[in-house]
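Novice: Have a look at the structure that comes next, please.
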Amino acid sequence: MDLNQLEAFSAVMTIGSVTGAGRSLGRSQPAVSKAIQDLENELGYALFDRNGPRVTPTDRAFLLYEEVERSLVGLRTIRERAAEIGRDEQQPIHLVATPALASTIAPMALKLVEAQGLPEHIHLRSASAEQVVHSVLHRTVSLGLTSLPIAHRGLDLHWIGEAPCVAVVRADSPLADCSVVTADMLHGQRIITMSNRYRLRQRIDSALGNGRALDVAIETNTSFNAIMAAHAGLGVALVEPMTALGMPIAGLAVKPLAVNIPFYFGVVTPYGKPNDGVTQALIAALESAARNILHGFVKHDAEQHDELL
């Protein structure tokens, strides 16, 4: 398979039609069709069900798409860097973070190091914790920010941040007038929280269950989704504090919990890769940004990972 085939496949997956993919790529519709057919012949299985100009991806196409996109991002990065080297430009920053961190401390940290001379180009992308790890392991990014645990080999963990989780309720909720929200107050409430049971959700269930299961009405994959569901009056959001405090929304109250449920996050780079001055400054600025946003922020040494988690 070649780059021409992979770009055609990615464009058709994204746009949903061969004609539209051709327009996006600046190619003819027959050229895109042939590239897809050649890729299918090489793979030995169909990627799309055809119905005129529109196509429907097969299950195998969806499985392949994520890997192809990661590869294309890497190739585009190489292409851009090669051009920048030719122009004697500073290497861009490639930063990937979970949504809560990408939308809060990452922009603030970039602003803090701006005076030290940022590269002309900055790539900031949000992804799941698992995708952050993948990107750092494959060295397609300069730096990653992710929730913990993160015990993978091939990563340098620079420091661990900790801050207590919070409850987010509508301003007209009776809980909005409470100084703290206790576990007993949450029983009988519709709870909105995270779906990943191997990260924050496990700690929430353990700390607040009190022998009784919480009434989890809505499970979601991002804190912002949970917070906006609370804003719509669908329940009480139990979330990490970064999104709740870093992206304040009118009409909502962020309340501390009586029981401490720690949210842990960390800064990682590829193992053994020397960090340039900008990356080192950014690692320090991320700590400053976290302290500015989070109440009760505590910094831990990376060596404490297993002890904490």
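Residues are referred to by chain and number: the chain letter is A, B, ... according to the order shown in the structure tokens, the number counts from 1 in that chain, and ligands are numbered separately from 1 in the order shown.
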Fewer than 2 positions away in the same chain doesn't count, so skip those; otherwise give me all residues within 9 Å of region 175-186 of chain A, counting only C-alpha atoms, as a VMD selection string.
Specialist: chain A and resid 166 to 173 188 to 191 207 to 210 214 to 215 236 252 to 259
Novice: Just write the chosen residues, N, CA, C and O atoms, as a CSV table (one decimal), in the first residue's frame.
Specialist:
chain,number,residue,atom,x,y,z
A,166,VAL,N,-14.6,17.2,42.1
A,166,VAL,CA,-15.7,18.1,42.6
A,166,VAL,C,-17.0,17.6,42.1
A,166,VAL,O,-17.1,16.8,41.2
A,167,ALA,N,-18.1,18.2,42.7
A,167,ALA,CA,-19.4,18.1,42.2
A,167,ALA,C,-19.8,19.3,41.5
A,167,ALA,O,-19.6,20.4,42.0
A,168,VAL,N,-20.5,19.2,40.4
A,168,VAL,CA,-21.0,20.3,39.6
A,168,VAL,C,-22.5,20.2,39.5
A,168,VAL,O,-23.0,19.2,39.1
A,169,VAL,N,-23.2,21.3,39.9
A,169,VAL,CA,-24.7,21.3,40.0
A,169,VAL,C,-25.2,22.6,39.4
A,169,VAL,O,-24.4,23.6,39.3
A,170,ARG,N,-26.4,22.6,39.0
A,170,ARG,CA,-27.0,23.9,38.6
A,170,ARG,C,-27.1,24.9,39.7
A,170,ARG,O,-27.2,24.5,40.9
A,171,ALA,N,-27.0,26.1,39.4
A,171,ALA,CA,-27.0,27.2,40.5
A,171,ALA,C,-28.3,27.2,41.3
A,171,ALA,O,-28.3,27.6,42.4
A,172,ASP,N,-29.4,26.7,40.7
A,172,ASP,CA,-30.7,26.6,41.4
A,172,ASP,C,-30.9,25.3,42.1
A,172,ASP,O,-32.0,25.1,42.7
A,173,SER,N,-29.9,24.4,42.2
A,173,SER,CA,-30.0,23.2,42.9
A,173,SER,C,-29.8,23.5,44.4
A,173,SER,O,-29.0,24.3,44.8
A,188,GLY,N,-29.8,9.2,46.1
A,188,GLY,CA,-31.1,9.7,45.7
A,188,GLY,C,-31.0,10.7,44.6
A,188,GLY,O,-32.0,11.1,44.0
A,189,GLN,N,-29.8,11.2,44.3
A,189,GLN,CA,-29.6,12.1,43.2
A,189,GLN,C,-29.2,11.4,41.9
A,189,GLN,O,-28.6,10.3,41.9
A,190,ARG,N,-29.6,11.9,40.8
A,190,ARG,CA,-29.1,11.3,39.5
A,190,ARG,C,-27.7,11.8,39.2
A,190,ARG,O,-27.4,13.0,39.2
A,191,ILE,N,-26.8,10.8,39.1
A,191,ILE,CA,-25.4,11.1,39.0
A,191,ILE,C,-24.9,11.0,37.6
A,191,ILE,O,-25.3,10.1,36.8
A,207,ALA,N,-15.1,5.6,46.7
A,207,ALA,CA,-15.2,6.6,47.8
A,207,ALA,C,-16.6,7.0,48.2
A,207,ALA,O,-16.8,7.3,49.3
A,208,LEU,N,-17.5,6.9,47.2
A,208,LEU,CA,-18.9,7.5,47.5
A,208,LEU,C,-19.9,6.4,47.6
A,208,LEU,O,-21.1,6.7,47.9
A,209,GLY,N,-19.6,5.1,47.3
A,209,GLY,CA,-20.6,4.1,47.4
A,209,GLY,C,-21.1,3.8,48.7
A,209,GLY,O,-22.3,3.7,48.9
A,210,ASN,N,-20.3,3.9,49.8
A,210,ASN,CA,-20.7,3.7,51.2
A,210,ASN,C,-21.6,2.4,51.3
A,210,ASN,O,-22.6,2.4,52.1
A,214,LEU,N,-24.2,4.2,43.7
A,214,LEU,CA,-24.7,5.5,43.3
A,214,LEU,C,-25.7,5.3,42.1
A,214,LEU,O,-25.6,4.3,41.4
A,215,ASP,N,-26.7,6.2,42.0
A,215,ASP,CA,-27.6,6.1,40.9
A,215,ASP,C,-27.0,6.8,39.7
A,215,ASP,O,-27.2,8.0,39.5
A,236,VAL,N,-26.3,15.5,38.9
A,236,VAL,CA,-25.1,16.1,39.5
A,236,VAL,C,-23.9,15.5,38.9
A,236,VAL,O,-23.8,14.2,38.8
A,252,LEU,N,-23.8,27.5,36.8
A,252,LEU,CA,-23.4,26.2,37.5
A,252,LEU,C,-22.6,26.6,38.7
A,252,LEU,O,-22.0,27.6,38.8
A,253,ALA,N,-22.7,25.7,39.7
A,253,ALA,CA,-21.9,25.8,40.9
A,253,ALA,C,-20.9,24.6,41.0
A,253,ALA,O,-21.4,23.5,40.8
A,254,VAL,N,-19.7,24.9,41.3
A,254,VAL,CA,-18.7,23.9,41.5
A,254,VAL,C,-18.5,23.7,43.0
A,254,VAL,O,-18.0,24.7,43.7
A,255,LYS,N,-18.8,22.5,43.6
A,255,LYS,CA,-18.7,22.3,45.0
A,255,LYS,C,-17.7,21.3,45.4
A,255,LYS,O,-17.6,20.2,44.7
A,256,PRO,N,-17.0,21.5,46.5
A,256,PRO,CA,-16.0,20.5,46.9
A,256,PRO,C,-16.8,19.3,47.5
A,256,PRO,O,-17.9,19.4,48.0
A,257,LEU,N,-16.2,18.1,47.5
A,257,LEU,CA,-16.7,16.9,48.1
A,257,LEU,C,-16.2,16.7,49.5
A,257,LEU,O,-15.0,17.0,49.7
A,258,ALA,N,-17.0,16.2,50.4
A,258,ALA,CA,-16.6,16.0,51.8
A,258,ALA,C,-15.5,14.9,51.8
A,258,ALA,O,-14.6,15.0,52.7
A,259,VAL,N,-15.5,14.0,50.9
A,259,VAL,CA,-14.5,12.9,50.9
A,259,VAL,C,-13.5,13.2,49.7
A,259,VAL,O,-14.0,13.6,48.7
Novice: List the spatial neighbours of region 53-68 of chain A as a VMD selection string - criterion: any atom at most 10 Å away, only C-alpha atoms, same-chain residues fewer than 5 positions off excluded.
Specialist: chain A and resid 3 6 to 7 9 to 10 12 to 20 29 33 45 to 48 73 to 74
Novice: Just the selected residues (N, CA and C atoms), exported as a compact mmCIF listing (two decimals), in the first residue's frame, please.
Specialist:
# COMPACT_ATOMS: atom_id res chain seq x y z
N LEU A 3 1.07 5.88 -0.07
CA LEU A 3 0.47 7.07 0.52
C LEU A 3 -0.76 7.51 -0.25
N LEU A 6 -3.70 5.42 0.95
CA LEU A 6 -4.10 5.73 2.32
C LEU A 6 -4.81 7.07 2.42
N GLU A 7 -4.33 8.06 1.69
CA GLU A 7 -4.99 9.37 1.70
C GLU A 7 -6.39 9.29 1.09
N PHE A 9 -8.31 6.59 1.07
CA PHE A 9 -9.12 5.88 2.05
C PHE A 9 -9.55 6.81 3.18
N SER A 10 -8.61 7.59 3.73
CA SER A 10 -8.93 8.49 4.82
C SER A 10 -9.95 9.54 4.40
N VAL A 12 -12.24 9.37 1.98
CA VAL A 12 -13.56 8.77 1.77
C VAL A 12 -14.21 8.45 3.12
N MET A 13 -13.43 7.95 4.07
CA MET A 13 -13.97 7.67 5.40
C MET A 13 -14.50 8.94 6.06
N THR A 14 -13.79 10.04 5.89
CA THR A 14 -14.17 11.29 6.54
C THR A 14 -15.36 11.95 5.87
N ILE A 15 -15.37 11.97 4.54
CA ILE A 15 -16.38 12.74 3.79
C ILE A 15 -17.62 11.91 3.47
N GLY A 16 -17.43 10.63 3.21
CA GLY A 16 -18.58 9.76 2.98
C GLY A 16 -18.94 9.53 1.54
N SER A 17 -18.21 10.14 0.63
CA SER A 17 -18.45 9.90 -0.79
C SER A 17 -17.14 9.97 -1.55
N VAL A 18 -17.06 9.20 -2.62
CA VAL A 18 -15.85 9.20 -3.44
C VAL A 18 -15.70 10.53 -4.17
N THR A 19 -16.83 11.07 -4.64
CA THR A 19 -16.79 12.35 -5.35
C THR A 19 -16.28 13.47 -4.44
N GLY A 20 -16.83 13.52 -3.21
CA GLY A 20 -16.40 14.54 -2.26
C GLY A 20 -14.94 14.38 -1.88
N GLN A 29 -12.72 11.71 -9.53
CA GLN A 29 -13.45 10.62 -8.86
C GLN A 29 -12.94 9.25 -9.30
N SER A 33 -11.45 6.29 -6.80
CA SER A 33 -12.04 4.94 -6.84
C SER A 33 -10.98 3.88 -7.10
N TYR A 45 -9.74 -7.67 1.27
CA TYR A 45 -11.12 -7.56 1.78
C TYR A 45 -11.67 -6.18 1.44
N ALA A 46 -13.01 -6.09 1.42
CA ALA A 46 -13.68 -4.84 1.05
C ALA A 46 -13.65 -3.85 2.21
N LEU A 47 -13.48 -2.59 1.87
CA LEU A 47 -13.51 -1.52 2.87
C LEU A 47 -14.82 -0.74 2.85
N PHE A 48 -15.51 -0.79 1.71
CA PHE A 48 -16.75 -0.04 1.58
C PHE A 48 -17.81 -0.86 0.85
N VAL A 73 -0.81 11.21 10.13
CA VAL A 73 -0.36 12.33 10.96
C VAL A 73 1.16 12.31 11.06
N GLY A 74 1.73 11.12 11.26
CA GLY A 74 3.18 11.00 11.34
C GLY A 74 3.87 11.40 10.05
Novice: Could you check how far CA of Pro241 (chain A) sits from CA of Met228 (chain A), in Å to one decimal?
Specialist: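 So the answer is 14.3 Å.
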Novice: Quick one: everything within 10 Å of Thr104 (chain A), counting only C-alpha atoms, minus sequence neighbours fewer than 3 positions away in the same chain. Send it as a list in words.
Specialist: Pro99, Ala100, Leu101, Pro107, Met108, Ala109, Met242, Thr243, Ala244, Leu245, Gly246, Met247, Ala289, Ala290 and Ile293 of chain A
Novice: Counting only C-alpha atoms, which residue out of A:Leu155, A:Ala250, A:Ile36, A:Ala11 sits closest to Glu69 (chain A)?
Specialist: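 Smallest distance to Glu69 (chain A) is found for A:Ala11.
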Novice: With a distance cut-off of 8 Å and only C-alpha atoms, select the neighbouring residues of Ala35 (chain A), excluding the residue or stretch itself and same-chain residues fewer than 6 positions from it, and output the selection as number ranges by chain.
Specialist: A: 4-5, 8-9
Novice: Mind listing the helix (DSSP H, G or I) residues of region 133-282 of chain A, per DSSP on the backbone, as a short mmCIF file (atom, residue, chain, number, x, y, z; two decimals) with N, CA, C and O atoms, in the first residue's frame?
Specialist:
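File selection.cif, as written:
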data_model
loop_
_atom_site.label_atom_id
_atom_site.label_comp_id
_atom_site.auth_asym_id
_atom_site.auth_seq_id
_atom_site.Cartn_x
_atom_site.Cartn_y
_atom_site.Cartn_z
N VAL A 133 -0.83 8.12 25.18
CA VAL A 133 0.28 7.18 25.39
C VAL A 133 0.82 6.68 24.06
O VAL A 133 2.04 6.64 23.84
N HIS A 134 -0.07 6.32 23.16
CA HIS A 134 0.35 5.80 21.85
C HIS A 134 1.18 6.84 21.11
O HIS A 134 2.23 6.51 20.52
N SER A 135 0.75 8.08 21.12
CA SER A 135 1.45 9.13 20.39
C SER A 135 2.84 9.38 20.96
O SER A 135 3.81 9.57 20.21
N VAL A 136 2.97 9.36 22.28
CA VAL A 136 4.27 9.60 22.90
C VAL A 136 5.19 8.40 22.66
O VAL A 136 6.37 8.56 22.34
N LEU A 137 4.64 7.19 22.80
CA LEU A 137 5.45 5.99 22.58
C LEU A 137 6.00 5.95 21.16
O LEU A 137 7.13 5.51 20.93
N PRO A 174 -30.55 22.72 45.28
CA PRO A 174 -30.32 22.86 46.72
C PRO A 174 -28.87 22.59 47.11
O PRO A 174 -28.36 23.17 48.08
N LEU A 175 -28.16 21.74 46.36
CA LEU A 175 -26.78 21.42 46.67
C LEU A 175 -25.85 22.62 46.43
O LEU A 175 -24.75 22.67 46.97
N ALA A 176 -26.30 23.58 45.63
CA ALA A 176 -25.47 24.74 45.32
C ALA A 176 -25.24 25.61 46.55
O ALA A 176 -24.27 26.37 46.61
N ASP A 177 -26.10 25.50 47.57
CA ASP A 177 -25.96 26.30 48.79
C ASP A 177 -25.14 25.59 49.86
O ASP A 177 -24.89 26.18 50.92
N ALA A 183 -21.38 12.24 50.76
CA ALA A 183 -21.85 11.03 50.07
C ALA A 183 -23.34 10.83 50.29
O ALA A 183 -24.07 10.44 49.37
N ASP A 184 -23.82 11.10 51.51
CA ASP A 184 -25.25 10.93 51.80
C ASP A 184 -26.10 11.86 50.95
O ASP A 184 -27.21 11.50 50.52
N MET A 185 -25.61 13.07 50.68
CA MET A 185 -26.36 14.01 49.85
C MET A 185 -26.51 13.51 48.42
O MET A 185 -27.48 13.87 47.73
N LEU A 186 -25.57 12.70 47.98
CA LEU A 186 -25.58 12.24 46.59
C LEU A 186 -26.51 11.05 46.38
O LEU A 186 -26.95 10.81 45.26
N LEU A 200 -10.60 7.37 36.62
CA LEU A 200 -11.25 8.13 37.68
C LEU A 200 -12.52 7.47 38.21
O LEU A 200 -12.80 7.50 39.41
N ARG A 201 -13.28 6.84 37.35
CA ARG A 201 -14.57 6.28 37.75
C ARG A 201 -14.42 5.27 38.89
O ARG A 201 -15.24 5.22 39.82
N GLN A 202 -13.39 4.47 38.86
CA GLN A 202 -13.18 3.47 39.90
C GLN A 202 -13.01 4.12 41.28
O GLN A 202 -13.56 3.66 42.28
N ARG A 203 -12.28 5.24 41.33
CA ARG A 203 -12.07 5.93 42.60
C ARG A 203 -13.36 6.59 43.08
O ARG A 203 -13.62 6.67 44.29
N ILE A 204 -14.16 7.11 42.17
CA ILE A 204 -15.44 7.73 42.54
C ILE A 204 -16.37 6.69 43.15
O ILE A 204 -16.96 6.91 44.22
N ASP A 205 -16.52 5.56 42.50
CA ASP A 205 -17.41 4.51 43.02
C ASP A 205 -16.95 4.02 44.39
O ASP A 205 -17.76 3.81 45.30
N SER A 206 -15.64 3.85 44.55
CA SER A 206 -15.10 3.34 45.81
C SER A 206 -15.31 4.34 46.95
O SER A 206 -15.67 3.95 48.07
N ALA A 207 -15.10 5.61 46.69
CA ALA A 207 -15.17 6.62 47.75
C ALA A 207 -16.59 6.98 48.16
O ALA A 207 -16.85 7.30 49.33
N LEU A 208 -17.51 6.94 47.21
CA LEU A 208 -18.86 7.45 47.47
C LEU A 208 -19.93 6.38 47.57
O LEU A 208 -21.08 6.67 47.89
N SER A 223 -15.34 15.04 30.82
CA SER A 223 -15.93 15.82 31.91
C SER A 223 -16.81 16.94 31.38
O SER A 223 -17.82 17.30 32.00
N PHE A 224 -16.42 17.53 30.25
CA PHE A 224 -17.22 18.62 29.69
C PHE A 224 -18.63 18.14 29.36
O PHE A 224 -19.61 18.84 29.62
N ASN A 225 -18.75 16.93 28.80
CA ASN A 225 -20.08 16.37 28.53
C ASN A 225 -20.89 16.24 29.82
O ASN A 225 -22.08 16.58 29.87
N ALA A 226 -20.23 15.75 30.88
CA ALA A 226 -20.92 15.58 32.16
C ALA A 226 -21.37 16.92 32.72
O ALA A 226 -22.50 17.06 33.23
N ILE A 227 -20.49 17.92 32.63
CA ILE A 227 -20.82 19.24 33.16
C ILE A 227 -21.99 19.86 32.40
O ILE A 227 -22.90 20.46 33.00
N MET A 228 -22.00 19.73 31.10
CA MET A 228 -23.10 20.30 30.32
C MET A 228 -24.40 19.55 30.55
O MET A 228 -25.49 20.14 30.48
N ALA A 229 -24.31 18.25 30.85
CA ALA A 229 -25.53 17.51 31.22
C ALA A 229 -26.08 18.03 32.54
O ALA A 229 -27.30 18.14 32.72
N ALA A 230 -25.19 18.36 33.48
CA ALA A 230 -25.63 18.96 34.74
C ALA A 230 -26.26 20.33 34.49
O ALA A 230 -27.27 20.69 35.10
N HIS A 231 -25.67 21.07 33.56
CA HIS A 231 -26.21 22.39 33.20
C HIS A 231 -27.62 22.28 32.64
O HIS A 231 -28.47 23.16 32.85
N PRO A 241 -11.38 18.11 38.58
CA PRO A 241 -11.55 19.54 38.80
C PRO A 241 -11.04 20.43 37.67
O PRO A 241 -11.37 21.61 37.62
N MET A 242 -10.23 19.88 36.77
CA MET A 242 -9.58 20.71 35.77
C MET A 242 -10.60 21.41 34.86
O MET A 242 -10.56 22.62 34.66
N THR A 243 -11.54 20.63 34.33
CA THR A 243 -12.55 21.20 33.44
C THR A 243 -13.51 22.10 34.20
O THR A 243 -13.86 23.19 33.74
N ALA A 244 -13.93 21.65 35.39
CA ALA A 244 -14.92 22.41 36.17
C ALA A 244 -14.39 23.78 36.57
O ALA A 244 -15.12 24.78 36.52
N LEU A 245 -13.10 23.86 36.95
CA LEU A 245 -12.53 25.12 37.42
C LEU A 245 -11.85 25.90 36.31
O LEU A 245 -11.79 27.13 36.34
N GLY A 246 -11.34 25.19 35.31
CA GLY A 246 -10.63 25.86 34.22
C GLY A 246 -11.53 26.39 33.13
O GLY A 246 -11.12 27.25 32.34
N GLY A 277 14.96 23.39 24.91
CA GLY A 277 14.67 24.42 25.90
C GLY A 277 13.20 24.76 25.99
O GLY A 277 12.68 24.98 27.09
N VAL A 278 12.51 24.80 24.85
CA VAL A 278 11.09 25.15 24.87
C VAL A 278 10.28 24.06 25.57
O VAL A 278 9.38 24.35 26.36
N THR A 279 10.60 22.80 25.29
CA THR A 279 9.88 21.70 25.93
C THR A 279 10.11 21.71 27.43
O THR A 279 9.18 21.52 28.22
N GLN A 280 11.34 21.94 27.86
CA GLN A 280 11.64 22.01 29.29
C GLN A 280 10.89 23.16 29.95
O GLN A 280 10.34 23.01 31.06
N ALA A 281 10.83 24.31 29.27
CA ALA A 281 10.09 25.45 29.82
C ALA A 281 8.60 25.13 29.90
O ALA A 281 7.91 25.54 30.85
N LEU A 282 8.10 24.41 28.92
CA LEU A 282 6.69 24.06 28.90
C LEU A 282 6.35 23.09 30.02
O LEU A 282 5.28 23.19 30.64
#
Novice: Between A:Val113, A:Leu294, A:Val132, A:Ile93, which has the minimum distance to Arg70 (chain A) (counting only C-alpha atoms)?
Specialist: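 Among A:Val113, A:Leu294, A:Val132, A:Ile93, it is A:Val132 that comes nearest to Arg70 (chain A).
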Novice: Report as a list in words: the residues of region 8-72 of chain A with a DSSP assignment of strand (DSSP E), based on the backbone of this structure.
Specialist: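 Matching residues, listed in order: Phe48, Asp49, Arg50, Asn51, Arg54, Val55, Thr56 and Pro57 of chain A.
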Novice: Applying 9 Å and only C-alpha atoms, which residues near Glu219 (chain A) remain after dropping the ones on its own chain fewer than 3 positions away? List them as a count of residues only.
Specialist: 8
Novice: Would you compute the distance between CA of Ile261 (chain A) and CA of Gly144 (chain A)? Give it in Å to one decimal.
Specialist: 23.4 Å
